[in-house]
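Structure record follows, encoded as structure tokens.
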Amino acid sequence: MSAPAPVPLMENEVMTRRSRMVALAAGSAMIALQTAPLRAEGVTAGTTITNTATVDFRVGGLDQTEVLASDSFTVDRKINFVAVGVPAATVTVSPGQTRAVSVFDILNSSNAPLDLALQWRRVPGAQAPMAGPTASMPRMSKSTAM
Amino acid sequence: MQLFRSLGLKPHLAALVAVLAFPAQAQSGGSPLELVGYVKREQITTTETGERRVEWVEPSVVVPGDRLVFGTRFANRGTAPIERFVVSNPVPASVRVTGEIDPATLVSVDGGKTWGKLAELAIAQADGSRRAALPDDVTNVRWVLPEIAPGASGTLEFPVTVR
């Protein structure tokens, strides 16, 4: 009945994190600068939960051996995160400019650690004669079971 | 003979405890009690006509927030009545009992030290005062059936949500 868990973790392990990502606007590298552990939202993925029944009874007035019955399942991963630009997700880079940066806050409210990769997408038609190309990261939000 | 007792959940949650009489089978020296624990997950679907349909299915995938039913099926396969049939379920810390639990069900809010109906129990608070116990406080669930006739069987259930 139970589905395999992606990452077995202790039930009380703190795994929800807020990360701040800084990306070089002219390149593709991204670096997580800070992470701040927060309280996990929900039971950690990989936790095994068991329904156990203990039964005592008599037959003919005599106590019988205690009987147990149980059924278990494993909690799966529930993906829930938000990535948003700080203060805005769009960065304008002038021709020849280097080391332009864009900052994003990523809040992982899932019940498991996540590996995320942000990718640049050039905004179509955003190129201005003097401003050069623009890169942006749209706001992302997803909540689903995987 | 067919006898229904509401011991676990409210009827709309399929919480009836059904005690059904079947022809008694000979006891072959072992325990007369047949016992099976199970877990079901609530699955809500909407039909083409827009009707909301609730089903209880095998929990192939369970995530926080899912509504479940913890249950136990029992049967007396012996030739003599089973007396003072007591079923006790601890509530795992990863789930919480929901408000749909039958108010007549015996519960504990202190790990099984004391028992009563939920409305009769209270929780001691840090400042010394006491407040009424809530479904979320339930740590154990218990049923006591005086007798199970030979050939009879039934189901005991209580509702939980994954924390």
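We name chains A, B, ... following the order of the structure tokens; residues begin at 1 in each chain, and ligands are numbered from 1 as shown.
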Output the contact residues of chain B with respect to chain A at a cut-off of 9 Å, based on only C-alpha atoms, as an mmCIF file with N, CA and C atoms, in the first residue's frame.
```cif
data_model
loop_
_atom_site.group_PDB
_atom_site.id
_atom_site.type_symbol
_atom_site.label_atom_id
_atom_site.label_comp_id
_atom_site.auth_asym_id
_atom_site.auth_seq_id
_atom_site.Cartn_x
_atom_site.Cartn_y
_atom_site.Cartn_z
ATOM 1 N N SER B 31 -6.520 -19.213 17.840
ATOM 2 C CA SER B 31 -7.367 -18.130 18.316
ATOM 3 C C SER B 31 -8.627 -18.043 17.467
ATOM 4 N N PRO B 32 -9.777 -17.835 18.098
ATOM 5 C CA PRO B 32 -11.012 -17.696 17.313
ATOM 6 C C PRO B 32 -11.111 -16.332 16.646
ATOM 7 N N LEU B 33 -10.207 -15.429 17.008
ATOM 8 C CA LEU B 33 -10.310 -14.042 16.543
ATOM 9 C C LEU B 33 -9.530 -13.826 15.256
ATOM 10 N N LEU B 35 -8.342 -10.806 12.795
ATOM 11 C CA LEU B 35 -8.157 -9.368 12.977
ATOM 12 C C LEU B 35 -7.337 -8.802 11.821
ATOM 13 N N VAL B 36 -7.784 -7.698 11.249
ATOM 14 C CA VAL B 36 -7.056 -7.044 10.151
ATOM 15 C C VAL B 36 -7.088 -5.532 10.374
ATOM 16 N N GLY B 37 -5.909 -4.915 10.411
ATOM 17 C CA GLY B 37 -5.839 -3.457 10.481
ATOM 18 C C GLY B 37 -5.726 -2.882 9.079
ATOM 19 N N TYR B 38 -6.280 -1.693 8.880
ATOM 20 C CA TYR B 38 -6.201 -1.090 7.544
ATOM 21 C C TYR B 38 -6.247 0.434 7.641
ATOM 22 N N VAL B 39 -5.840 1.065 6.530
ATOM 23 C CA VAL B 39 -5.893 2.524 6.386
ATOM 24 C C VAL B 39 -6.534 2.827 5.036
ATOM 25 N N GLU B 58 -7.395 2.661 -1.191
ATOM 26 C CA GLU B 58 -6.084 2.272 -0.683
ATOM 27 C C GLU B 58 -5.143 3.473 -0.828
ATOM 28 N N PRO B 59 -4.421 3.830 0.206
ATOM 29 C CA PRO B 59 -3.581 5.037 0.143
ATOM 30 C C PRO B 59 -2.250 4.802 -0.546
ATOM 31 N N SER B 60 -2.256 4.770 -1.858
ATOM 32 C CA SER B 60 -1.013 4.566 -2.601
ATOM 33 C C SER B 60 -0.094 5.777 -2.475
ATOM 34 N N VAL B 61 -0.673 6.951 -2.385
ATOM 35 C CA VAL B 61 0.104 8.177 -2.169
ATOM 36 C C VAL B 61 -0.575 8.972 -1.057
ATOM 37 N N VAL B 62 0.202 9.334 -0.033
ATOM 38 C CA VAL B 62 -0.330 10.102 1.095
ATOM 39 C C VAL B 62 0.587 11.294 1.354
ATOM 40 N N VAL B 63 0.009 12.486 1.451
ATOM 41 C CA VAL B 63 0.785 13.694 1.735
ATOM 42 C C VAL B 63 0.108 14.446 2.877
ATOM 43 N N PRO B 64 0.834 15.379 3.508
ATOM 44 C CA PRO B 64 0.228 16.164 4.593
ATOM 45 C C PRO B 64 -1.089 16.794 4.163
ATOM 46 N N GLY B 65 -2.063 16.724 5.058
ATOM 47 C CA GLY B 65 -3.388 17.267 4.780
ATOM 48 C C GLY B 65 -4.388 16.240 4.307
ATOM 49 N N PHE B 70 -8.549 5.181 9.904
ATOM 50 C CA PHE B 70 -7.836 4.048 10.491
ATOM 51 C C PHE B 70 -8.894 3.040 10.941
ATOM 52 N N GLY B 71 -8.743 1.803 10.516
ATOM 53 C CA GLY B 71 -9.779 0.828 10.820
ATOM 54 C C GLY B 71 -9.234 -0.528 11.230
ATOM 55 N N THR B 72 -10.114 -1.303 11.835
ATOM 56 C CA THR B 72 -9.803 -2.677 12.227
ATOM 57 C C THR B 72 -11.014 -3.548 11.911
ATOM 58 N N ALA B 80 -17.404 -20.462 20.138
ATOM 59 C CA ALA B 80 -17.866 -19.880 21.406
ATOM 60 C C ALA B 80 -17.870 -18.353 21.286
ATOM 61 N N PRO B 81 -18.711 -17.694 22.049
ATOM 62 C CA PRO B 81 -18.722 -16.215 22.006
ATOM 63 C C PRO B 81 -17.402 -15.636 22.509
ATOM 64 N N ILE B 82 -16.995 -14.538 21.895
ATOM 65 C CA ILE B 82 -15.865 -13.751 22.408
ATOM 66 C C ILE B 82 -16.447 -12.722 23.356
ATOM 67 N N GLU B 83 -15.878 -12.661 24.568
ATOM 68 C CA GLU B 83 -16.421 -11.767 25.587
ATOM 69 C C GLU B 83 -15.457 -10.613 25.858
ATOM 70 N N ARG B 84 -16.039 -9.532 26.296
ATOM 71 C CA ARG B 84 -15.277 -8.324 26.670
ATOM 72 C C ARG B 84 -14.176 -8.035 25.651
ATOM 73 N N PHE B 85 -14.601 -7.742 24.455
ATOM 74 C CA PHE B 85 -13.723 -7.484 23.311
ATOM 75 C C PHE B 85 -13.290 -6.016 23.377
ATOM 76 N N VAL B 86 -12.012 -5.770 23.652
ATOM 77 C CA VAL B 86 -11.500 -4.398 23.834
ATOM 78 C C VAL B 86 -10.454 -4.105 22.773
ATOM 79 N N VAL B 87 -10.706 -3.105 21.948
ATOM 80 C CA VAL B 87 -9.786 -2.698 20.882
ATOM 81 C C VAL B 87 -9.230 -1.324 21.222
ATOM 82 N N SER B 88 -7.899 -1.220 21.272
ATOM 83 C CA SER B 88 -7.256 0.054 21.605
ATOM 84 C C SER B 88 -6.293 0.450 20.493
ATOM 85 N N ASN B 89 -6.427 1.693 20.039
ATOM 86 C CA ASN B 89 -5.537 2.220 19.001
ATOM 87 C C ASN B 89 -4.834 3.469 19.511
ATOM 88 N N PRO B 90 -3.515 3.474 19.604
ATOM 89 C CA PRO B 90 -2.825 4.741 19.833
ATOM 90 C C PRO B 90 -2.903 5.594 18.566
ATOM 91 N N VAL B 91 -3.002 6.891 18.737
ATOM 92 C CA VAL B 91 -3.036 7.795 17.585
ATOM 93 C C VAL B 91 -1.604 8.237 17.296
ATOM 94 N N PRO B 92 -1.039 7.864 16.154
ATOM 95 C CA PRO B 92 0.337 8.280 15.853
ATOM 96 C C PRO B 92 0.488 9.799 15.880
ATOM 97 N N ALA B 93 1.671 10.260 16.282
ATOM 98 C CA ALA B 93 1.905 11.702 16.389
ATOM 99 C C ALA B 93 1.817 12.402 15.042
ATOM 100 N N SER B 94 1.969 11.665 13.962
ATOM 101 C CA SER B 94 1.971 12.273 12.626
ATOM 102 C C SER B 94 0.578 12.516 12.072
ATOM 103 N N VAL B 95 -0.446 12.092 12.811
ATOM 104 C CA VAL B 95 -1.820 12.357 12.378
ATOM 105 C C VAL B 95 -2.588 12.968 13.538
ATOM 106 N N VAL B 162 -3.520 13.720 8.101
ATOM 107 C CA VAL B 162 -2.064 13.718 8.183
ATOM 108 C C VAL B 162 -1.593 15.133 8.520
ATOM 109 N N ARG B 163 -0.780 15.254 9.571
ATOM 110 C CA ARG B 163 -0.307 16.571 9.984
ATOM 111 C C ARG B 163 0.652 17.156 8.950
#
```
Just the strand (DSSP E or B) stuff from chain B, please, per backbone DSSP, written as a VMD selection string.
chain B and resid 2 to 6 9 16 to 20 33 to 46 52 to 57 62 67 to 76 82 to 90 95 to 97 101 106 to 108 116 to 117 122 to 124 130 to 132 140 to 148 153 to 162
Could you save the residues just selected, with C-alpha atoms, as a PDB file, in the first residue's frame?
```
ATOM      1  CA  GLN B   2     -27.926  -8.194  11.081  1.00  0.00           C
ATOM      2  CA  LEU B   3     -26.998  -5.605  13.656  1.00  0.00           C
ATOM      3  CA  PHE B   4     -25.413  -2.221  13.051  1.00  0.00           C
ATOM      4  CA  ARG B   5     -23.776  -0.144  15.727  1.00  0.00           C
ATOM      5  CA  SER B   6     -22.344   3.326  15.343  1.00  0.00           C
ATOM      6  CA  LEU B   9     -17.500   7.633  12.922  1.00  0.00           C
ATOM      7  CA  LEU B  16     -20.817   2.364  10.999  1.00  0.00           C
ATOM      8  CA  VAL B  17     -19.605  -0.623  12.840  1.00  0.00           C
ATOM      9  CA  ALA B  18     -21.278  -3.538  11.219  1.00  0.00           C
ATOM     10  CA  VAL B  19     -21.592  -6.699  13.220  1.00  0.00           C
ATOM     11  CA  LEU B  20     -22.834  -9.341  10.870  1.00  0.00           C
ATOM     12  CA  LEU B  33     -10.310 -14.042  16.543  1.00  0.00           C
ATOM     13  CA  GLU B  34      -9.572 -12.882  13.011  1.00  0.00           C
ATOM     14  CA  LEU B  35      -8.157  -9.368  12.977  1.00  0.00           C
ATOM     15  CA  VAL B  36      -7.056  -7.044  10.151  1.00  0.00           C
ATOM     16  CA  GLY B  37      -5.839  -3.457  10.481  1.00  0.00           C
ATOM     17  CA  TYR B  38      -6.201  -1.090   7.544  1.00  0.00           C
ATOM     18  CA  VAL B  39      -5.893   2.524   6.386  1.00  0.00           C
ATOM     19  CA  LYS B  40      -8.075   4.196   3.769  1.00  0.00           C
ATOM     20  CA  ARG B  41      -7.611   7.589   2.144  1.00  0.00           C
ATOM     21  CA  GLU B  42     -10.406   9.940   1.178  1.00  0.00           C
ATOM     22  CA  GLN B  43     -10.596  10.519  -2.548  1.00  0.00           C
ATOM     23  CA  ILE B  44     -12.959  13.169  -3.840  1.00  0.00           C
ATOM     24  CA  THR B  45     -13.980  13.160  -7.466  1.00  0.00           C
ATOM     25  CA  THR B  46     -16.453  15.222  -9.418  1.00  0.00           C
ATOM     26  CA  ARG B  52     -19.131  15.515  -5.691  1.00  0.00           C
ATOM     27  CA  ARG B  53     -18.281  11.903  -4.906  1.00  0.00           C
ATOM     28  CA  VAL B  54     -16.306  10.735  -1.867  1.00  0.00           C
ATOM     29  CA  GLU B  55     -14.561   7.375  -1.959  1.00  0.00           C
ATOM     30  CA  TRP B  56     -12.241   5.656   0.514  1.00  0.00           C
ATOM     31  CA  VAL B  57      -9.355   4.061  -1.339  1.00  0.00           C
ATOM     32  CA  VAL B  62      -0.330  10.102   1.095  1.00  0.00           C
ATOM     33  CA  ARG B  67      -7.901  12.693   5.247  1.00  0.00           C
ATOM     34  CA  LEU B  68      -7.673   9.048   6.276  1.00  0.00           C
ATOM     35  CA  VAL B  69      -9.630   6.409   8.130  1.00  0.00           C
ATOM     36  CA  PHE B  70      -7.836   4.048  10.491  1.00  0.00           C
ATOM     37  CA  GLY B  71      -9.779   0.828  10.820  1.00  0.00           C
ATOM     38  CA  THR B  72      -9.803  -2.677  12.227  1.00  0.00           C
ATOM     39  CA  ARG B  73     -11.836  -5.588  10.871  1.00  0.00           C
ATOM     40  CA  PHE B  74     -12.630  -8.393  13.252  1.00  0.00           C
ATOM     41  CA  ALA B  75     -14.410 -11.723  13.121  1.00  0.00           C
ATOM     42  CA  ASN B  76     -15.138 -14.507  15.557  1.00  0.00           C
ATOM     43  CA  ILE B  82     -15.865 -13.751  22.408  1.00  0.00           C
ATOM     44  CA  GLU B  83     -16.421 -11.767  25.587  1.00  0.00           C
ATOM     45  CA  ARG B  84     -15.277  -8.324  26.670  1.00  0.00           C
ATOM     46  CA  PHE B  85     -13.723  -7.484  23.311  1.00  0.00           C
ATOM     47  CA  VAL B  86     -11.500  -4.398  23.834  1.00  0.00           C
ATOM     48  CA  VAL B  87      -9.786  -2.698  20.882  1.00  0.00           C
ATOM     49  CA  SER B  88      -7.256   0.054  21.605  1.00  0.00           C
ATOM     50  CA  ASN B  89      -5.537   2.220  19.001  1.00  0.00           C
ATOM     51  CA  PRO B  90      -2.825   4.741  19.833  1.00  0.00           C
ATOM     52  CA  VAL B  95      -1.820  12.357  12.378  1.00  0.00           C
ATOM     53  CA  ARG B  96      -4.573  14.086  14.277  1.00  0.00           C
ATOM     54  CA  VAL B  97      -8.093  12.906  14.975  1.00  0.00           C
ATOM     55  CA  ILE B 101     -15.141  11.135  15.245  1.00  0.00           C
ATOM     56  CA  LEU B 106     -13.985   6.251  24.155  1.00  0.00           C
ATOM     57  CA  VAL B 107     -10.828   8.353  23.839  1.00  0.00           C
ATOM     58  CA  SER B 108      -7.842   9.396  25.913  1.00  0.00           C
ATOM     59  CA  GLY B 116     -13.888   8.971  28.469  1.00  0.00           C
ATOM     60  CA  LYS B 117     -15.991  10.553  25.784  1.00  0.00           C
ATOM     61  CA  ALA B 122     -10.216  18.353  29.689  1.00  0.00           C
ATOM     62  CA  ILE B 123      -6.644  19.459  29.140  1.00  0.00           C
ATOM     63  CA  ALA B 124      -4.550  21.030  31.895  1.00  0.00           C
ATOM     64  CA  ARG B 130      -8.271  23.538  32.214  1.00  0.00           C
ATOM     65  CA  ARG B 131      -9.897  23.680  28.825  1.00  0.00           C
ATOM     66  CA  ALA B 132     -12.195  21.299  27.028  1.00  0.00           C
ATOM     67  CA  ASN B 140      -5.728   6.972  22.013  1.00  0.00           C
ATOM     68  CA  VAL B 141      -9.028   5.515  20.860  1.00  0.00           C
ATOM     69  CA  ARG B 142     -10.803   2.530  22.393  1.00  0.00           C
ATOM     70  CA  TRP B 143     -13.904   0.411  21.841  1.00  0.00           C
ATOM     71  CA  VAL B 144     -15.378  -2.132  24.248  1.00  0.00           C
ATOM     72  CA  LEU B 145     -17.810  -4.693  22.867  1.00  0.00           C
ATOM     73  CA  PRO B 146     -19.423  -6.956  25.485  1.00  0.00           C
ATOM     74  CA  GLU B 147     -19.729  -9.943  23.183  1.00  0.00           C
ATOM     75  CA  ILE B 148     -19.091 -11.146  19.638  1.00  0.00           C
ATOM     76  CA  SER B 153     -17.741  -9.856  12.278  1.00  0.00           C
ATOM     77  CA  GLY B 154     -17.480  -6.105  12.171  1.00  0.00           C
ATOM     78  CA  THR B 155     -15.408  -2.993  11.585  1.00  0.00           C
ATOM     79  CA  LEU B 156     -14.162  -0.243  13.887  1.00  0.00           C
ATOM     80  CA  GLU B 157     -12.932   3.035  12.399  1.00  0.00           C
ATOM     81  CA  PHE B 158     -11.850   6.526  13.358  1.00  0.00           C
ATOM     82  CA  PRO B 159     -10.992   9.537  11.126  1.00  0.00           C
ATOM     83  CA  VAL B 160      -7.625  11.286  11.034  1.00  0.00           C
ATOM     84  CA  THR B 161      -5.770  13.882   8.989  1.00  0.00           C
ATOM     85  CA  VAL B 162      -2.064  13.718   8.183  1.00  0.00           C
TER      86      VAL B 162
END
```
For CA of Asp110 in chain B and CA of Ala126 in chain B, quote the distance in Å rounded to one decimal.
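Computed distance, CA of Asp110 in chain B to CA of Ala126 in chain B, equals 15.0 Å.
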For CA of Val103 in chain A and CA of Leu116 in chain A, quote the distance in Å rounded to one decimal.
14.8 Å
For the structure I just gave you, how does DSSP split chain B - specifically, which residues are helix (DSSP H, G or I)? Reply as a list in words.
Pro11, His12, Leu13, Leu118, Ala119, Glu120, Pro135, Asp136 and Asp137 of chain B
Calculate how many Å separate CA of Ala104 in chain B from CA of Ala119 in chain B, rounding to one decimal.
9.0 Å
Find the spatial neighbours of Val86 in chain A, counting only C-alpha atoms, within a cut-off of 9 Å - ignore same-chain residues fewer than 4 positions away - and output them as a PyMOL selection string.
chain A and resi 102-105
